[in-house]
Amino acid sequence: EFRMVESGGGLVQTAGSLRLSCAASGFTFSAAYMTWLRQAAGQGLEWVATISPSGGDIFYNDSVKGRFTISRDNAKATLYLQMNSLKPEDTAVYYCSTSRGGSPRGQGTQVTVSS
C-alpha cells in the first residue's frame, strides 16, 4: 500500500526552527523524486522543495531558499525538511509527495509560526 506519513509540525515563534519527517512505504522510495509542498488556510497547494533519488539534485522555491533544507535517508525510506528562520508566512499544512503536483501525498502536518 502506497503510504506517506508526515510528522514534526507544531507551533513555533518567528525565527525558530522545526524539522519535518515523512515516513514512506509501499513503493520504491530510493528510486523516487520526493517533494515537499504546503498549503496555507484558504490557499492553493504550493511547491516547496524537491530532491532527486540520490539526493544529488535539489530544488527550492525562492521563498524558502537559504532557510529550508530538504534531505532524505533511503535506508530508512524517510524524507526530511529542516526549516530555519521561520516566518509567519510559512504557516501551513506541509505535505510530502512523489509529485510536484501533490498527488499522491500524505495527510500533512501543521506548522504554525507565531509573530
# chains A, B, ... in the order shown; residues from 1 in each chain; ligands from 1
>>> residues_around(residues="Leu20 of chain A", least_positions_apart="5", cutoff="9 Å", atoms="only C-alpha atoms", output="list of chain:residue names")
A:Glu6, A:Ser7, A:Gly8, A:Gly9, A:Leu79, A:Tyr80, A:Leu81, A:Gln82, A:Met83, A:Tyr94, A:Thr109
>>> select_by_dssp(residues="chain A", states="strand (DSSP E)", output="NGL selection string")
:A and (3-7 or 10-13 or 18-25 or 34-39 or 45-51 or 58-60 or 68-73 or 78-83 or 92-97 or 109-114)
>>> closest_residue(among="A:Ser114, A:Ser30, A:Ser99, A:Gln107", to="Val48 of chain A", atoms="only C-alpha atoms")
A:Ser99
>>> residues_around(residues="Thr112 of chain A", least_positions_apart="5", cutoff="8 Å", atoms="only C-alpha atoms", output="PyMOL selection string")
chain A and resi 9-12+88+90-92
>>> residues_around(residues="Leu37 of chain A", least_positions_apart="2", cutoff="8 Å", atoms="only C-alpha atoms", output="list in words")
Thr35, Gln39, Leu45, Glu46, Trp47, Val48, Ala49, Tyr94, Tyr95, Cys96, Ser97, Arg100 and Gly102 of chain A
>>> residues_around(residues="segment 72-78 of chain A", least_positions_apart="2", cutoff="10 Å", atoms="only C-alpha atoms", output="ChimeraX atom specification")
/A:4-6,21-25,27-32,34,51-55,70,80-81
>>> write_last_selection(atoms="N, CA and C atoms", output="JSON list (two decimals), in the first residue's frame")
[["chain", "number", "residue", "atom", "x", "y", "z"],
["A", 4, "MET", "N", 2.49, 7.64, 2.86],
["A", 4, "MET", "CA", 3.45, 8.63, 3.33],
["A", 4, "MET", "C", 2.86, 9.27, 4.57],
["A", 5, "VAL", "N", 3.63, 9.35, 5.64],
["A", 5, "VAL", "CA", 3.16, 9.88, 6.92],
["A", 5, "VAL", "C", 4.10, 10.99, 7.37],
["A", 6, "GLU", "N", 3.57, 12.22, 7.39],
["A", 6, "GLU", "CA", 4.35, 13.37, 7.82],
["A", 6, "GLU", "C", 4.25, 13.56, 9.33],
["A", 21, "SER", "N", 9.48, 15.31, 9.14],
["A", 21, "SER", "CA", 9.84, 13.99, 8.61],
["A", 21, "SER", "C", 8.67, 13.43, 7.82],
["A", 22, "CYS", "N", 8.98, 12.58, 6.87],
["A", 22, "CYS", "CA", 7.96, 11.89, 6.08],
["A", 22, "CYS", "C", 8.41, 10.45, 5.94],
["A", 23, "ALA", "N", 7.69, 9.55, 6.60],
["A", 23, "ALA", "CA", 7.99, 8.13, 6.51],
["A", 23, "ALA", "C", 7.21, 7.52, 5.36],
["A", 24, "ALA", "N", 7.92, 6.90, 4.41],
["A", 24, "ALA", "CA", 7.28, 6.38, 3.21],
["A", 24, "ALA", "C", 7.29, 4.86, 3.19],
["A", 25, "SER", "N", 6.28, 4.28, 2.58],
["A", 25, "SER", "CA", 6.22, 2.84, 2.41],
["A", 25, "SER", "C", 5.31, 2.51, 1.24],
["A", 27, "PHE", "N", 6.20, 1.74, -1.85],
["A", 27, "PHE", "CA", 6.79, 1.99, -3.16],
["A", 27, "PHE", "C", 8.30, 2.05, -2.99],
["A", 28, "THR", "N", 9.01, 2.09, -4.11],
["A", 28, "THR", "CA", 10.47, 2.10, -4.06],
["A", 28, "THR", "C", 10.96, 3.52, -3.79],
["A", 29, "PHE", "N", 11.05, 3.84, -2.53],
["A", 29, "PHE", "CA", 11.43, 5.20, -2.10],
["A", 29, "PHE", "C", 12.75, 5.63, -2.71],
["A", 30, "SER", "N", 13.72, 4.75, -2.74],
["A", 30, "SER", "CA", 15.07, 5.09, -3.18],
["A", 30, "SER", "C", 15.13, 5.44, -4.66],
["A", 31, "ALA", "N", 14.08, 5.13, -5.40],
["A", 31, "ALA", "CA", 14.04, 5.43, -6.83],
["A", 31, "ALA", "C", 13.16, 6.64, -7.15],
["A", 32, "ALA", "N", 12.59, 7.25, -6.14],
["A", 32, "ALA", "CA", 11.60, 8.30, -6.36],
["A", 32, "ALA", "C", 12.13, 9.70, -6.08],
["A", 34, "MET", "N", 11.34, 13.06, -4.54],
["A", 34, "MET", "CA", 10.43, 13.36, -3.44],
["A", 34, "MET", "C", 10.31, 14.87, -3.28],
["A", 51, "ILE", "N", 13.79, 16.75, -4.14],
["A", 51, "ILE", "CA", 15.09, 16.11, -4.08],
["A", 51, "ILE", "C", 15.09, 14.88, -4.98],
["A", 52, "SER", "N", 16.20, 14.66, -5.69],
["A", 52, "SER", "CA", 16.31, 13.51, -6.59],
["A", 52, "SER", "C", 16.52, 12.23, -5.78],
["A", 53, "PRO", "N", 16.39, 11.06, -6.41],
["A", 53, "PRO", "CA", 16.56, 9.80, -5.68],
["A", 53, "PRO", "C", 17.89, 9.68, -4.93],
["A", 54, "SER", "N", 18.96, 10.14, -5.53],
["A", 54, "SER", "CA", 20.26, 10.03, -4.88],
["A", 54, "SER", "C", 20.53, 11.16, -3.92],
["A", 55, "GLY", "N", 19.72, 12.21, -4.01],
["A", 55, "GLY", "CA", 19.97, 13.40, -3.21],
["A", 55, "GLY", "C", 20.92, 14.38, -3.86],
["A", 70, "ILE", "N", 16.05, 20.34, 2.34],
["A", 70, "ILE", "CA", 15.44, 19.05, 2.10],
["A", 70, "ILE", "C", 16.53, 17.99, 2.09],
["A", 80, "TYR", "N", 13.08, 14.40, 4.81],
["A", 80, "TYR", "CA", 13.15, 15.41, 5.86],
["A", 80, "TYR", "C", 13.05, 16.82, 5.27],
["A", 81, "LEU", "N", 12.62, 17.74, 6.12],
["A", 81, "LEU", "CA", 12.66, 19.16, 5.77],
["A", 81, "LEU", "C", 13.08, 19.92, 7.03]]
>>> atom_distance(atom1="atom CA of Ser85 of chain A", atom2="atom CA of Thr14 of chain A")
7.0 Å
